[in-house]
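Working notes for the structure below.
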Amino acid sequence: MPIDPISWIIIGTLVVVGIAVGLFWDEIKAWATKVAGYILDAVNSAIEVATPVIISLVKKGNYYYRRAEAYIYNIYDEDFRRLYREEEIALNEIPPELLAELDKKDNNKIEVLQQQLIEERIAPDKMPKDIHAELTKKAEIKLRYRLT
């Protein structure tokens, strides 16, 4: 039984592609390695460590705000950021015991609990020491498993 023309075309194409791949295999391998490196670099730059979100009640003048904030550490470029979001709340929404505690505080801020946040870049030396230590500790653990 003879082979039809379409089969000869497919066989010929596969032979030509096989020869081309064989001739340019070193260049193909080098290109694939370079592309894989670019992809891994992009993934590495996106690895970040975050603290849990801290919810605070803040008083500014006669206004009260609910504030959520977290600290972020980028492992790749060693950049620290603080993300936060403030939302004004009415006086009648605040439980009386929290309001009494807030009035006793000098800094007009109490943490209530530990989302979409506003980003603010901060220098590592301006970050609270305990948060800086926690983030760098988490980062050291993740760096052991960092893709290279």
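Ordering of the structure tokens sets the chain letters (A, B, ...); residue numbers start at 1 within each chain; ligands are numbered from 1 in the order shown.
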Could you name the residues that touch A:Glu87 at 10 Å or less, counting only C-alpha atoms, but leaving out those on the same chain fewer than 4 positions away, as a PyMOL selection string? chain A and resi 57-58+64-68
Given the selection you just returned, output its residues as a file containing C-alpha atoms, formatted as a CSV table (one decimal), in the first residue's frame.
```
chain,number,residue,atom,x,y,z
A,57,LEU,CA,-8.1,52.9,67.2
A,58,VAL,CA,-6.6,56.3,66.6
A,64,TYR,CA,-11.6,58.8,65.6
A,65,TYR,CA,-10.1,56.4,63.0
A,66,ARG,CA,-9.9,52.7,62.7
A,67,ARG,CA,-6.4,52.0,61.3
A,68,ALA,CA,-5.1,48.7,59.8
```
Enumerate the residues of stretch 80-110 of chain A with a DSSP assignment of strand (DSSP E or B), computed from the backbone, and present them as an MDAnalysis selection string. chainID A and resid 80:89 109:110
Do a neighbour search on A:Leu102 at 12 Å with only C-alpha atoms, toss out local chain neighbours closer than 4 positions, and write the hits as a count of residues only. 19
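Our summary of the geometry notes that atom CA of A:Ser45 is positioned 7.0 Å from atom CA of A:Asp77.
The spacing separating atom CA of A:Pro52 from atom CA of A:Tyr71 amounts to 8.1 Å.
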Please identify which residues in stretch 6-137 of chain A DSSP calls alpha helix (DSSP H) from the backbone, and express them as a ChimeraX atom specification. /A:6-23,25-45,96-104,129-137
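In this model, the gap between atom CA of A:Ser7 and atom CA of A:Ala20 comes to 19.9 Å.
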